[in-house]
Each structure stands twice: as structure tokens, then as C-alpha cells.
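K.L.:
Input input.pdb, format and content: PDB, C-alpha atoms.
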```
ATOM      1  CA  MET A   1     -42.886  97.068 121.529
ATOM      2  CA  ALA A   2     -42.688  94.028 123.848
ATOM      3  CA  LEU A   3     -41.050  94.149 127.266
ATOM      4  CA  ARG A   4     -37.868  92.107 127.589
ATOM      5  CA  ARG A   5     -38.548  89.335 130.081
ATOM      6  CA  SER A   6     -35.367  89.321 132.084
ATOM      7  CA  PRO A   7     -35.315  87.429 135.397
ATOM      8  CA  GLN A   8     -35.436  90.812 137.171
ATOM      9  CA  THR A   9     -38.536  91.875 135.237
ATOM     10  CA  THR A  10     -40.200  88.576 136.040
ATOM     11  CA  GLN A  11     -39.317  89.036 139.702
ATOM     12  CA  LEU A  12     -40.818  92.516 139.729
ATOM     13  CA  LEU A  13     -43.970  91.368 137.963
ATOM     14  CA  SER A  14     -44.485  88.621 140.542
ATOM     15  CA  GLU A  15     -44.002  91.164 143.318
ATOM     16  CA  PHE A  16     -46.730  93.341 141.802
ATOM     17  CA  LEU A  17     -48.967  90.288 141.541
ATOM     18  CA  GLN A  18     -48.765  89.776 145.328
ATOM     19  CA  ARG A  19     -50.961  92.831 145.862
ATOM     20  CA  PRO A  20     -52.185  93.871 142.408
ATOM     21  CA  GLN A  21     -54.684  96.494 143.550
ATOM     22  CA  GLU A  22     -52.324  98.393 145.825
ATOM     23  CA  TRP A  23     -50.147 101.376 144.980
ATOM     24  CA  ARG A  24     -46.524 100.539 145.742
ATOM     25  CA  TYR A  25     -43.458 102.599 146.632
ATOM     26  CA  GLY A  26     -40.168 102.199 144.765
ATOM     27  CA  TYR A  27     -38.129 101.524 147.887
ATOM     28  CA  ASP A  28     -40.568  98.864 149.102
ATOM     29  CA  LEU A  29     -40.423  97.155 145.722
ATOM     30  CA  SER A  30     -36.636  97.261 145.892
ATOM     31  CA  ARG A  31     -36.589  95.755 149.395
ATOM     32  CA  ASN A  32     -39.060  93.007 148.567
ATOM     33  CA  THR A  33     -37.422  91.991 145.312
ATOM     34  CA  GLY A  34     -33.805  92.676 146.257
ATOM     35  CA  LEU A  35     -33.400  94.757 143.082
ATOM     36  CA  LYS A  36     -31.097  97.760 143.286
ATOM     37  CA  SER A  37     -32.373 101.190 142.245
ATOM     38  CA  GLY A  38     -30.235 101.048 139.088
ATOM     39  CA  THR A  39     -32.037  97.887 137.995
ATOM     40  CA  LEU A  40     -35.495  98.579 139.378
ATOM     41  CA  TYR A  41     -36.134 102.033 137.916
ATOM     42  CA  PRO A  42     -35.183 101.299 134.300
ATOM     43  CA  ILE A  43     -37.609  98.344 134.409
ATOM     44  CA  LEU A  44     -40.356 100.494 135.921
ATOM     45  CA  MET A  45     -39.707 103.148 133.265
ATOM     46  CA  ARG A  46     -39.956 100.617 130.437
ATOM     47  CA  MET A  47     -43.146  99.175 131.918
ATOM     48  CA  ALA A  48     -44.714 102.644 132.181
ATOM     49  CA  GLU A  49     -43.639 103.444 128.627
ATOM     50  CA  ARG A  50     -45.397 100.344 127.335
ATOM     51  CA  GLY A  51     -48.579 101.129 129.233
ATOM     52  CA  LEU A  52     -48.143  98.264 131.712
ATOM     53  CA  LEU A  53     -47.616 100.462 134.742
ATOM     54  CA  GLU A  54     -49.578 103.351 136.153
ATOM     55  CA  THR A  55     -47.683 106.004 138.085
ATOM     56  CA  SER A  56     -48.874 108.681 140.417
ATOM     57  CA  TRP A  57     -47.575 111.141 142.973
ATOM     58  CA  GLU A  58     -48.797 110.580 146.511
ATOM     59  CA  THR A  59     -50.994 113.323 147.943
ATOM     60  CA  VAL A  60     -49.655 114.277 151.341
ATOM     61  CA  GLU A  61     -50.031 117.042 153.849
ATOM     62  CA  ALA A  62     -47.941 120.173 153.327
ATOM     63  CA  GLY A  63     -44.319 120.037 154.393
ATOM     64  CA  ARG A  64     -43.770 116.396 153.482
ATOM     65  CA  PRO A  65     -42.394 115.590 150.045
ATOM     66  CA  PRO A  66     -44.667 113.368 147.960
ATOM     67  CA  ARG A  67     -43.581 109.881 146.901
ATOM     68  CA  HIS A  68     -44.001 108.260 143.527
ATOM     69  CA  LEU A  69     -46.430 105.352 143.456
ATOM     70  CA  TYR A  70     -46.758 102.431 141.064
ATOM     71  CA  LYS A  71     -49.547 100.041 140.166
ATOM     72  CA  LEU A  72     -50.091  97.641 137.275
ATOM     73  CA  THR A  73     -52.593  98.745 134.649
ATOM     74  CA  ALA A  74     -55.195  96.290 133.330
ATOM     75  CA  ASP A  75     -52.785  95.447 130.496
ATOM     76  CA  GLY A  76     -49.936  95.125 132.965
ATOM     77  CA  LEU A  77     -51.950  92.779 135.146
ATOM     78  CA  ARG A  78     -52.812  90.611 132.151
ATOM     79  CA  TYR A  79     -49.159  90.594 131.080
ATOM     80  CA  ALA A  80     -47.944  89.719 134.599
ATOM     81  CA  ARG A  81     -50.443  86.865 134.923
ATOM     82  CA  GLN A  82     -49.550  85.502 131.513
ATOM     83  CA  ASN A  83     -45.891  85.727 132.445
ATOM     84  CA  ALA A  84     -46.549  83.863 135.708
ATOM     85  CA  VAL A  85     -48.457  81.100 133.890
ATOM     86  CA  GLU A  86     -45.714  80.680 131.297
ATOM     87  CA  ARG A  87     -43.092  80.564 134.014
ATOM     88  CA  SER A  88     -44.955  77.891 135.967
ATOM     89  CA  ILE A  89     -45.364  75.805 132.792
ATOM     90  CA  ARG A  90     -41.644  76.132 132.098
ATOM     91  CA  THR A  91     -40.756  75.232 135.671
ATOM     92  CA  ALA A  92     -43.033  72.186 135.542
ATOM     93  CA  ALA A  93     -41.620  71.079 132.188
ATOM     94  CA  GLU A  94     -37.963  71.413 133.188
ATOM     95  CA  PRO A  95     -37.664  68.269 135.374
ATOM     96  CA  ALA A  96     -39.568  66.228 132.787
ATOM     97  CA  LEU A  97     -37.312  67.430 129.971
ATOM     98  CA  SER A  98     -34.148  66.859 131.979
ATOM     99  CA  GLY A  99     -35.402  63.319 132.644
ATOM    100  CA  VAL A 100     -35.778  62.771 128.905
ATOM    101  CA  ASN A 101     -32.330  64.158 128.179
ATOM    102  CA  GLY A 102     -30.677  62.306 131.035
TER     103      GLY A 102
ATOM    104  CA  MET B   1     -26.543 115.030 158.384
ATOM    105  CA  THR B   2     -23.595 112.716 157.846
ATOM    106  CA  LEU B   3     -21.076 113.120 155.054
ATOM    107  CA  LEU B   4     -22.376 109.986 153.305
ATOM    108  CA  ARG B   5     -25.943 111.221 153.412
ATOM    109  CA  ALA B   6     -24.880 114.629 152.088
ATOM    110  CA  LEU B   7     -23.014 112.942 149.246
ATOM    111  CA  ALA B   8     -26.040 110.774 148.447
ATOM    112  CA  ASN B   9     -28.233 113.901 148.383
ATOM    113  CA  ARG B  10     -25.786 115.648 146.059
ATOM    114  CA  ILE B  11     -25.786 112.702 143.679
ATOM    115  CA  ALA B  12     -29.581 112.494 143.703
ATOM    116  CA  CYS B  13     -29.854 116.239 142.967
ATOM    117  CA  GLY B  14     -27.352 115.848 140.134
ATOM    118  CA  VAL B  15     -29.457 113.062 138.631
ATOM    119  CA  VAL B  16     -32.591 115.235 138.830
ATOM    120  CA  ARG B  17     -30.757 118.101 137.127
ATOM    121  CA  GLY B  18     -29.197 115.951 134.403
ATOM    122  CA  ALA B  19     -32.240 113.808 133.563
ATOM    123  CA  GLY B  20     -33.990 114.386 130.235
ATOM    124  CA  PRO B  21     -37.277 116.317 130.329
ATOM    125  CA  GLY B  22     -39.246 113.077 130.035
ATOM    126  CA  ASP B  23     -37.280 111.374 132.827
ATOM    127  CA  LYS B  24     -37.410 114.164 135.416
ATOM    128  CA  ASP B  25     -40.291 112.594 137.347
ATOM    129  CA  TRP B  26     -38.388 109.327 137.624
ATOM    130  CA  ALA B  27     -35.262 111.079 138.840
ATOM    131  CA  LYS B  28     -37.326 112.980 141.429
ATOM    132  CA  ALA B  29     -38.965 109.705 142.462
ATOM    133  CA  THR B  30     -35.624 108.059 143.262
ATOM    134  CA  ALA B  31     -34.523 111.162 145.167
ATOM    135  CA  ARG B  32     -37.737 111.155 147.277
ATOM    136  CA  GLU B  33     -37.426 107.457 148.057
ATOM    137  CA  MET B  34     -33.929 108.028 149.375
ATOM    138  CA  GLU B  35     -35.364 110.009 152.274
ATOM    139  CA  PHE B  36     -37.007 106.825 153.521
ATOM    140  CA  ILE B  37     -33.804 104.803 153.571
ATOM    141  CA  GLU B  38     -32.423 104.656 157.086
ATOM    142  CA  SER B  39     -28.868 103.476 156.511
ATOM    143  CA  ASP B  40     -26.525 106.083 155.017
ATOM    144  CA  TRP B  41     -24.608 103.490 153.046
ATOM    145  CA  SER B  42     -27.807 102.130 151.553
ATOM    146  CA  ALA B  43     -28.860 105.689 150.688
ATOM    147  CA  LEU B  44     -25.554 106.246 148.912
ATOM    148  CA  ARG B  45     -25.888 102.973 146.996
ATOM    149  CA  TRP B  46     -29.452 103.942 146.084
ATOM    150  CA  ALA B  47     -28.308 107.355 144.822
ATOM    151  CA  LEU B  48     -25.476 105.816 142.797
ATOM    152  CA  GLY B  49     -27.922 103.357 141.243
ATOM    153  CA  SER B  50     -30.216 106.192 140.210
ATOM    154  CA  TRP B  51     -27.464 107.338 137.816
ATOM    155  CA  ARG B  52     -28.817 104.679 135.460
ATOM    156  CA  ILE B  53     -31.656 107.086 134.698
ATOM    157  CA  LEU B  54     -29.128 109.353 132.999
ATOM    158  CA  TRP B  55     -28.137 106.588 130.561
ATOM    159  CA  ARG B  56     -31.324 107.109 128.679
ATOM    160  CA  TRP B  57     -32.516 110.515 127.670
ATOM    161  CA  THR B  58     -36.180 110.997 126.999
ATOM    162  CA  ALA B  59     -37.481 114.182 125.470
ATOM    163  CA  THR B  60     -40.622 115.926 126.696
ATOM    164  CA  PRO B  61     -43.532 113.483 126.345
ATOM    165  CA  LEU B  62     -45.968 114.205 123.544
ATOM    166  CA  THR B  63     -49.223 114.658 125.415
ATOM    167  CA  SER B  64     -51.238 116.223 122.585
ATOM    168  CA  SER B  65     -50.812 117.305 118.981
ATOM    169  CA  ALA B  66     -50.236 120.829 120.290
ATOM    170  CA  SER B  67     -46.955 119.680 121.819
ATOM    171  CA  VAL B  68     -45.618 118.395 118.462
ATOM    172  CA  PRO B  69     -44.175 121.666 117.064
ATOM    173  CA  ALA B  70     -42.172 122.372 120.242
ATOM    174  CA  ALA B  71     -40.887 118.791 120.280
ATOM    175  CA  ALA B  72     -39.944 119.037 116.593
ATOM    176  CA  VAL B  73     -38.022 122.253 117.214
ATOM    177  CA  GLU B  74     -36.206 120.610 120.142
ATOM    178  CA  PHE B  75     -35.359 117.653 117.883
ATOM    179  CA  ALA B  76     -34.174 119.881 115.018
ATOM    180  CA  ARG B  77     -31.848 121.663 117.444
ATOM    181  CA  GLU B  78     -30.442 118.329 118.649
ATOM    182  CA  VAL B  79     -29.765 117.160 115.062
ATOM    183  CA  ARG B  80     -28.159 120.493 114.158
ATOM    184  CA  LYS B  81     -25.834 120.265 117.150
ATOM    185  CA  ARG B  82     -24.878 116.686 116.261
ATOM    186  CA  THR B  83     -24.191 117.670 112.655
ATOM    187  CA  VAL B  84     -22.000 120.647 113.554
ATOM    188  CA  LEU B  85     -19.979 118.703 116.155
ATOM    189  CA  GLY B  86     -19.717 115.677 113.840
ATOM    190  CA  LEU B  87     -18.539 117.779 110.898
ATOM    191  CA  ALA B  88     -15.905 119.486 113.034
ATOM    192  CA  ALA B  89     -14.666 116.135 114.390
ATOM    193  CA  CYS B  90     -14.555 114.535 110.922
ATOM    194  CA  ALA B  91     -12.736 117.523 109.432
ATOM    195  CA  PHE B  92     -10.172 117.371 112.230
ATOM    196  CA  VAL B  93      -9.635 113.602 111.831
ATOM    197  CA  THR B  94      -9.297 113.948 108.049
ATOM    198  CA  PHE B  95      -6.705 116.686 108.402
ATOM    199  CA  ALA B  96      -4.755 114.937 111.188
ATOM    200  CA  PHE B  97      -4.551 111.564 109.419
ATOM    201  CA  TRP B  98      -3.775 113.088 106.051
ATOM    202  CA  ARG B  99      -0.846 114.879 107.677
ATOM    203  CA  SER B 100       0.219 111.691 109.506
ATOM    204  CA  GLY B 101       0.161 109.836 106.202
ATOM    205  CA  ARG B 102       2.528 112.353 104.651
ATOM    206  CA  HIS B 103       5.032 111.938 107.471
ATOM    207  CA  ALA B 104       4.640 108.177 108.005
ATOM    208  CA  HIS B 105       7.785 106.006 108.061
ATOM    209  CA  HIS B 106       6.190 102.702 107.135
ATOM    210  CA  SER B 107       4.035 101.939 104.098
ATOM    211  CA  MET B 108       1.371 100.216 106.222
ATOM    212  CA  GLU B 109       1.223 103.191 108.544
ATOM    213  CA  ARG B 110       0.900 105.530 105.545
ATOM    214  CA  ALA B 111      -1.802 103.443 103.874
ATOM    215  CA  GLY B 112      -3.678 103.182 107.201
ATOM    216  CA  ALA B 113      -3.503 106.929 107.754
ATOM    217  CA  TYR B 114      -4.824 107.702 104.251
ATOM    218  CA  LEU B 115      -7.582 105.098 104.596
ATOM    219  CA  THR B 116      -8.614 106.584 107.941
ATOM    220  CA  ALA B 117      -8.631 110.082 106.450
ATOM    221  CA  MET B 118     -10.847 108.819 103.612
ATOM    222  CA  ALA B 119     -13.132 107.081 106.088
ATOM    223  CA  ALA B 120     -13.480 110.360 108.003
ATOM    224  CA  LEU B 121     -14.319 112.080 104.709
ATOM    225  CA  TYR B 122     -16.953 109.420 104.043
ATOM    226  CA  MET B 123     -18.441 110.064 107.499
ATOM    227  CA  LEU B 124     -18.408 113.771 106.768
ATOM    228  CA  GLY B 125     -20.342 113.078 103.574
ATOM    229  CA  GLN B 126     -22.851 110.973 105.526
ATOM    230  CA  LEU B 127     -23.356 113.757 108.025
ATOM    231  CA  LEU B 128     -23.984 116.248 105.243
ATOM    232  CA  ALA B 129     -26.390 113.891 103.504
ATOM    233  CA  ARG B 130     -28.319 113.313 106.732
ATOM    234  CA  ARG B 131     -28.259 116.845 108.093
ATOM    235  CA  GLY B 132     -31.532 118.109 109.515
ATOM    236  CA  ARG B 133     -34.279 118.943 107.073
ATOM    237  CA  LEU B 134     -36.915 120.185 109.482
ATOM    238  CA  SER B 135     -37.542 123.828 108.796
ATOM    239  CA  THR B 136     -38.144 125.718 112.015
ATOM    240  CA  ARG B 137     -37.310 129.162 110.731
ATOM    241  CA  CYS B 138     -39.650 132.140 110.237
ATOM    242  CA  GLY B 139     -42.162 130.701 112.704
ATOM    243  CA  HIS B 140     -42.833 127.604 110.553
ATOM    244  CA  ALA B 141     -44.283 124.913 112.799
ATOM    245  CA  PRO B 142     -43.418 121.387 111.558
ATOM    246  CA  THR B 143     -46.385 119.082 111.058
ATOM    247  CA  VAL B 144     -46.689 115.561 112.526
ATOM    248  CA  HIS B 145     -45.950 114.147 109.082
ATOM    249  CA  GLU B 146     -42.764 116.225 108.672
ATOM    250  CA  PHE B 147     -41.633 115.382 112.197
ATOM    251  CA  ARG B 148     -42.155 111.657 111.670
ATOM    252  CA  ALA B 149     -40.330 111.675 108.306
ATOM    253  CA  GLU B 150     -37.360 113.454 109.853
ATOM    254  CA  LEU B 151     -37.313 111.093 112.852
ATOM    255  CA  GLN B 152     -37.244 108.137 110.455
ATOM    256  CA  ARG B 153     -34.368 109.692 108.454
ATOM    257  CA  GLN B 154     -32.316 110.326 111.556
ATOM    258  CA  ARG B 155     -33.161 106.926 113.087
ATOM    259  CA  ASP B 156     -31.814 105.221 109.964
ATOM    260  CA  PHE B 157     -28.627 107.290 110.198
ATOM    261  CA  HIS B 158     -27.937 105.714 113.595
ATOM    262  CA  ARG B 159     -28.554 102.082 112.661
ATOM    263  CA  GLY B 160     -28.374  99.538 109.848
ATOM    264  CA  PHE B 161     -26.394 100.272 106.694
ATOM    265  CA  TRP B 162     -25.571 103.866 107.587
ATOM    266  CA  LEU B 163     -24.069 102.890 110.947
ATOM    267  CA  TRP B 164     -22.232  99.724 109.919
ATOM    268  CA  SER B 165     -20.825 101.268 106.746
ATOM    269  CA  ARG B 166     -19.245 103.978 108.929
ATOM    270  CA  MET B 167     -17.702 101.344 111.178
ATOM    271  CA  VAL B 168     -16.476  99.222 108.260
ATOM    272  CA  ALA B 169     -14.976 102.280 106.599
ATOM    273  CA  LEU B 170     -13.150 103.423 109.708
ATOM    274  CA  LEU B 171     -11.841 100.252 111.329
ATOM    275  CA  PRO B 172      -9.467  98.683 108.726
ATOM    276  CA  GLY B 173      -7.546 101.895 108.076
ATOM    277  CA  TYR B 174      -7.097 102.661 111.741
ATOM    278  CA  VAL B 175      -6.003  99.099 112.549
ATOM    279  CA  MET B 176      -3.446  99.266 109.706
ATOM    280  CA  PHE B 177      -2.248 102.642 110.918
ATOM    281  CA  CYS B 178      -1.658 101.353 114.472
ATOM    282  CA  PHE B 179       0.094  98.172 113.290
ATOM    283  CA  GLY B 180       2.229 100.207 110.889
ATOM    284  CA  ALA B 181       3.186 102.612 113.679
ATOM    285  CA  ALA B 182       3.982  99.659 115.969
ATOM    286  CA  MET B 183       6.294  98.116 113.356
ATOM    287  CA  VAL B 184       8.622 101.090 113.103
ATOM    288  CA  GLY B 185       8.905 101.889 116.806
ATOM    289  CA  ALA B 186      10.743 100.348 119.737
ATOM    290  CA  PHE B 187       9.012  98.055 122.224
ATOM    291  CA  ALA B 188       7.516 100.969 124.191
ATOM    292  CA  ALA B 189       6.148 102.545 121.002
ATOM    293  CA  ARG B 190       4.635  99.189 119.993
ATOM    294  CA  PHE B 191       3.008  98.820 123.374
ATOM    295  CA  ILE B 192       1.552 102.325 123.133
ATOM    296  CA  ALA B 193       0.286 101.726 119.571
ATOM    297  CA  VAL B 194      -1.414  98.468 120.543
ATOM    298  CA  SER B 195      -2.916 100.083 123.658
ATOM    299  CA  ILE B 196      -4.284 102.962 121.580
ATOM    300  CA  LEU B 197      -5.756 100.431 119.171
ATOM    301  CA  ALA B 198      -7.410  98.535 122.050
ATOM    302  CA  VAL B 199      -8.914 101.761 123.411
ATOM    303  CA  PHE B 200     -10.105 102.655 119.918
ATOM    304  CA  LEU B 201     -11.801  99.272 119.500
ATOM    305  CA  VAL B 202     -13.576  99.666 122.850
ATOM    306  CA  LEU B 203     -14.665 103.192 121.890
ATOM    307  CA  SER B 204     -15.906 101.911 118.519
ATOM    308  CA  PHE B 205     -18.002  99.292 120.285
ATOM    309  CA  LEU B 206     -19.402 101.935 122.640
ATOM    310  CA  GLY B 207     -20.012 104.242 119.687
ATOM    311  CA  ALA B 208     -21.954 101.564 117.814
ATOM    312  CA  THR B 209     -24.018 100.784 120.924
ATOM    313  CA  GLY B 210     -24.620 104.493 121.523
ATOM    314  CA  ASN B 211     -25.796 104.986 117.951
ATOM    315  CA  GLN B 212     -28.230 102.119 118.265
ATOM    316  CA  LYS B 213     -29.551 103.567 121.502
ATOM    317  CA  VAL B 214     -30.175 106.888 119.773
ATOM    318  CA  ALA B 215     -31.988 105.023 116.974
ATOM    319  CA  GLN B 216     -34.154 103.303 119.607
ATOM    320  CA  ARG B 217     -34.911 106.665 121.208
ATOM    321  CA  TYR B 218     -36.072 108.072 117.861
ATOM    322  CA  GLN B 219     -38.153 104.949 117.270
ATOM    323  CA  ARG B 220     -39.851 105.484 120.640
ATOM    324  CA  ARG B 221     -40.662 109.019 119.523
ATOM    325  CA  ILE B 222     -42.162 107.676 116.288
ATOM    326  CA  ASP B 223     -44.260 105.238 118.343
ATOM    327  CA  GLU B 224     -45.424 108.140 120.490
ATOM    328  CA  LEU B 225     -46.488 110.050 117.361
ATOM    329  CA  ASP B 226     -48.356 106.977 116.113
ATOM    330  CA  ARG B 227     -50.195 106.647 119.430
ATOM    331  CA  LEU B 228     -51.022 110.331 119.373
ATOM    332  CA  GLU B 229     -52.505 110.053 115.886
ATOM    333  CA  LYS B 230     -54.540 107.017 116.878
ATOM    334  CA  THR B 231     -56.062 108.752 119.877
ATOM    335  CA  ALA B 232     -56.723 111.995 117.949
TER     336      ALA B 232
END
```
What's the C-alpha cells form of this structure?
P.N.:
Amino acid sequence: MALRRSPQTTQLLSEFLQRPQEWRYGYDLSRNTGLKSGTLYPILMRMAERGLLETSWETVEAGRPPRHLYKLTADGLRYARQNAVERSIRTAAEPALSGVNG
Amino acid sequence: MTLLRALANRIACGVVRGAGPGDKDWAKATAREMEFIESDWSALRWALGSWRILWRWTATPLTSSASVPAAAVEFAREVRKRTVLGLAACAFVTFAFWRSGRHAHHSMERAGAYLTAMAALYMLGQLLARRGRLSTRCGHAPTVHEFRAELQRQRDFHRGFWLWSRMVALLPGYVMFCFGAAMVGAFAARFIAVSILAVFLVLSFLGATGNQKVAQRYQRRIDELDRLEKTA
């Protein structure tokens, strides 16, 4: 099942592409993308369900609650890059097309 | 701890409690993240947003073929509950509208009431036809094949012909009933009848969307079974 490419999903994918090898926290992703928890988590859940996102619980010293971490899988990275390429092509084509129409 | 923070914590705990077995980790994740939010207002907004997790309900993930029988039993229980509640609701609607039809003052109201009662009977028939078939009695453990077949049956009940035929059967009669009731009453009664109709239309839309969401959930389960079989 393909992931719906909403502007918010695209935004999140580009955020992951900034540091693709790093594990990321949900709150940091929310702050950097401006997505609210109610938008961010359903997207993360769908990505994990489709095998695009790896999740893990942070290992911490006793007494501190662990945090959930997220990283793109190899498939997720490929998908995010493809998405970024398609977006840049679209962005480049838009002025040209509007010139033709205008 | 401030009142806002306490409220945010309460909401987050509620989300963790109410989340489906497959969504628990996500609910816990949002609750943990909240502890790192400094502003109380932001924490409250974060907690309120995490309610979205409750909109979807994911069953226990199928990690191996050993987890299939338990998941099938859980599913059979869910279908049984839906069938019993649905049958009770349809029986009640049939009875109520049949009675309304007998006491209606306007022919359109009467026709609408009888049509609605018949539509409820049709839905009752659908529920009986699509009641659960998974046998979980006497220690019988359903196989992957049986589980998939039942998921497909129930998925189809919540989408396509089965869903839209229910909507088509129910809507015209109820609309006629409300218009008929509005015709005989005074202005206030008309206003109430039209308001009830508007609420009903909104609920029908939500019902159709909800059914499709359930169908999607069952489809996800089927996909999970497919993946499990591929990896086995």
C-alpha cells in the first residue's frame, strides 16, 4: 500500500533527509517541521506500517523514562529521496508551465 | 505541577489506556515526549493532539504464525459483538418505525416510516448473512486460511455494495419520514424535523466513513497475514 504524499508527509520526509543516519525524537521532529502531534504521529505510524520507518525505544539509565526514536529504513530513505527528486522537478516545471499558460 | 500540566498528563494517560493493542507503543511515545515540553500550554496541545491515535484502532501485531489463533479469536469476538449490537439496534429501529407508521398523520410520513422499517429489516438480514463464521469453540484454533477468508468477508461487509446498499435502503425512507412529519406540524415541529434530518445525514456520512475505515483496518490485517506467509 503506497503512502499518501500530503504536504505534511513531504515535509516530514525532507526533515528526515536532513540527517538520515540519526535517530530522531518525536518532539524534535514536531519542532523542526511545525507539525502538531495529531498530524505528526499518524504519519509516523503509517510510515512504520509500510516499512519506511524504523522505531526503537531509547536505552537510558534507570529512573529516566525511555523515549521513542525514529529513523528511515533503507526503503524509507529511497522513498524520501525519490519524493525529493519528484518535488524538485515539479517545482522547476511550475514556472515554465505557468509561462506557457500565461 | 500546574493544573494545565496535570490535565495534559491525564489526557496522555487516557490515550495510553484507550489505544488499541497495536498502537500502545505510539501512545506511550507521545506521553514520554510530553515530559520534554517546557511550556504547559504546549504540553496540553501536544496531549490533545495525541488523541488522534485513538481514531485508529490496531489489533495486536502479528509477529509470527503462532500469534494467528489468538488474533483470530480476538477478531471473532469483535465481529460477534458488532453483530449482536447491530441486530439489537436494527430490531429496535424496525419496531419503532413500524409503530410510527401506524400512527402517522400524513401519507408521506407513513410511507417513510414503513420504508425505514423495511430498510432496518434489510440491514438486519445483512448482519445475519455476514455474522461471524470463525469457529473458536472447543479449543479449535483457526488457521491462517480461515482467518483470511473471514477477514475478507467482513471487510466486504463494510465497503462496496454491502455498505452502499445499506445507505441507499435507509436514506430515502428516512428523508420522506422527516418531510412528512414536517408537513403536518407547526413551524417549530418543522424546524425540529429538518434539524433531526440534518443530524441524521451527518451521522450517515460519519457512519459510511467509519465503515470504510473498518474495511481498511481489516485489509491491513490481510496484508499482515500475507507478509507473514511470505516470510514463513
K.L.:
So how far away is atom CA of B:Gly160 from atom CA of B:Cys178, in Å?
P.N.:
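For atom CA of B:Cys178 relative to atom CA of B:Gly160, the distance reads 27.2 Å.
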K.L.:
Apply the PyMOL selection byres ((chain A) within 10 of (chain B)) to the displayed file and report the matching residues as a JSON list (two decimals) with C-alpha atoms, in the coordinates of the input.
P.N.:
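Result written to selection09.json:
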```json
[["chain", "number", "residue", "atom", "x", "y", "z"],
["A", 1, "MET", "CA", -42.89, 97.07, 121.53],
["A", 25, "TYR", "CA", -43.46, 102.60, 146.63],
["A", 26, "GLY", "CA", -40.17, 102.20, 144.76],
["A", 27, "TYR", "CA", -38.13, 101.52, 147.89],
["A", 28, "ASP", "CA", -40.57, 98.86, 149.10],
["A", 30, "SER", "CA", -36.64, 97.26, 145.89],
["A", 36, "LYS", "CA", -31.10, 97.76, 143.29],
["A", 37, "SER", "CA", -32.37, 101.19, 142.24],
["A", 38, "GLY", "CA", -30.24, 101.05, 139.09],
["A", 39, "THR", "CA", -32.04, 97.89, 138.00],
["A", 40, "LEU", "CA", -35.49, 98.58, 139.38],
["A", 41, "TYR", "CA", -36.13, 102.03, 137.92],
["A", 42, "PRO", "CA", -35.18, 101.30, 134.30],
["A", 44, "LEU", "CA", -40.36, 100.49, 135.92],
["A", 45, "MET", "CA", -39.71, 103.15, 133.26],
["A", 49, "GLU", "CA", -43.64, 103.44, 128.63],
["A", 55, "THR", "CA", -47.68, 106.00, 138.08],
["A", 56, "SER", "CA", -48.87, 108.68, 140.42],
["A", 57, "TRP", "CA", -47.58, 111.14, 142.97],
["A", 65, "PRO", "CA", -42.39, 115.59, 150.04],
["A", 66, "PRO", "CA", -44.67, 113.37, 147.96],
["A", 67, "ARG", "CA", -43.58, 109.88, 146.90],
["A", 68, "HIS", "CA", -44.00, 108.26, 143.53],
["A", 69, "LEU", "CA", -46.43, 105.35, 143.46]]
```
K.L.:
Can you list, as an MDAnalysis selection string, every protein, DNA or RNA residue that comes within 8 Å of B:Met123 when you count only C-alpha atoms, leaving out same-chain residues fewer than 4 positions away?
P.N.:
chainID B and resid 90 119 127 166
K.L.:
In Å to one decimal, how far is atom CA of A:Arg64 from atom CA of A:Gln18?
P.N.:
28.3 Å
K.L.:
Quick one, how far is atom CA of B:Val144 from atom CA of B:Phe75?
P.N.:
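Taking atom CA of B:Val144 as the start and atom CA of B:Phe75 as the end point, the length is 12.7 Å.
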K.L.:
Report the centre and edge lengths, in Å to one decimal, of an axis-aligned box enclosing every atom of stretch 66-79 of chain A listed in the file, padded by 8 Å on each side, as AutoDock Vina command-line options.
P.N.:
```
--center_x -49.4 --center_y 102.0 --center_z 139.2 --size_x 27.6 --size_y 38.8 --size_z 33.5
```
K.L.:
Hey, which of B:Gly173, B:Pro61, B:Pro69, B:Gly207 ends up closest to B:Thr143? Count only C-alpha atoms.
P.N.:
B:Pro69
K.L.:
Neighbours of B:Thr231 within 12 Å (all atoms listed in the file; same-chain residues fewer than 6 positions away dropped), as a list of chain:residue names?
P.N.:
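My reading of the contact set: B:Thr63, B:Ser64, B:Ser65, B:Glu224, B:Leu225.
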K.L.:
Which residues match the PyMOL selection byres ((chain A and resi 76) around 10) in the file above, as a list in words?
P.N.:
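Taken on the displayed file, the PyMOL selection byres ((chain A and resi 76) around 10) yields the residues Leu13, Phe16, Leu17, Pro20, Met47, Ala48, Arg50, Gly51, Leu52, Leu53, Glu54, Lys71, Leu72, Thr73, Ala74, Asp75, Leu77, Arg78, Tyr79, Ala80, Arg81 and Gln82 of chain A.
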K.L.:
Specify as a PyMOL selection string each residue included when the PyMOL selection byres ((chain B and resi 199-206) around 12) is applied to this file.
P.N.:
chain B and resi 163-164+166-172+174-175+177-178+192-198+207-213
K.L.:
Which residues are close to B:Ala89, i.e. within 12 Å by only C-alpha atoms, leaving aside same-chain residues fewer than 2 positions away? Reply as a PyMOL selection string.
P.N.:
chain B and resi 82-87+91-96+117+120-121+123-124+127
K.L.:
Skip B:Ser135 itself and residues of its chain fewer than 6 positions away, then list as a list in words all residues within 9 Å of it, counting all atoms listed in the file.
P.N.:
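Counting only the stated atoms, we get Val73, Ala76, Ala141 and Pro142 of chain B.
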K.L.:
Of the candidates A:Arg24, A:Leu35, A:Tyr70, A:Glu58, which shows the shortest atom-to-atom distance to A:Pro7, using only C-alpha atoms?
P.N.:
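Counting only C-alpha atoms, the residue closest to A:Pro7 is A:Leu35.
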K.L.:
What's around stretch 146-151 of chain B at 7 Å? Count all atoms listed in the file, leave out sequence neighbours fewer than 6 positions away in its own chain, and write the answer as a PDB file with C-alpha atoms, in the frame of the given file.
P.N.:
```pdb
ATOM      1  CA  ALA B  72     -39.944 119.037 116.593  1.00  0.00           C
ATOM      2  CA  ARG B 133     -34.279 118.943 107.073  1.00  0.00           C
ATOM      3  CA  LEU B 134     -36.915 120.185 109.482  1.00  0.00           C
ATOM      4  CA  TYR B 218     -36.072 108.072 117.861  1.00  0.00           C
ATOM      5  CA  ILE B 222     -42.162 107.676 116.288  1.00  0.00           C
TER       6      ILE B 222
END
```
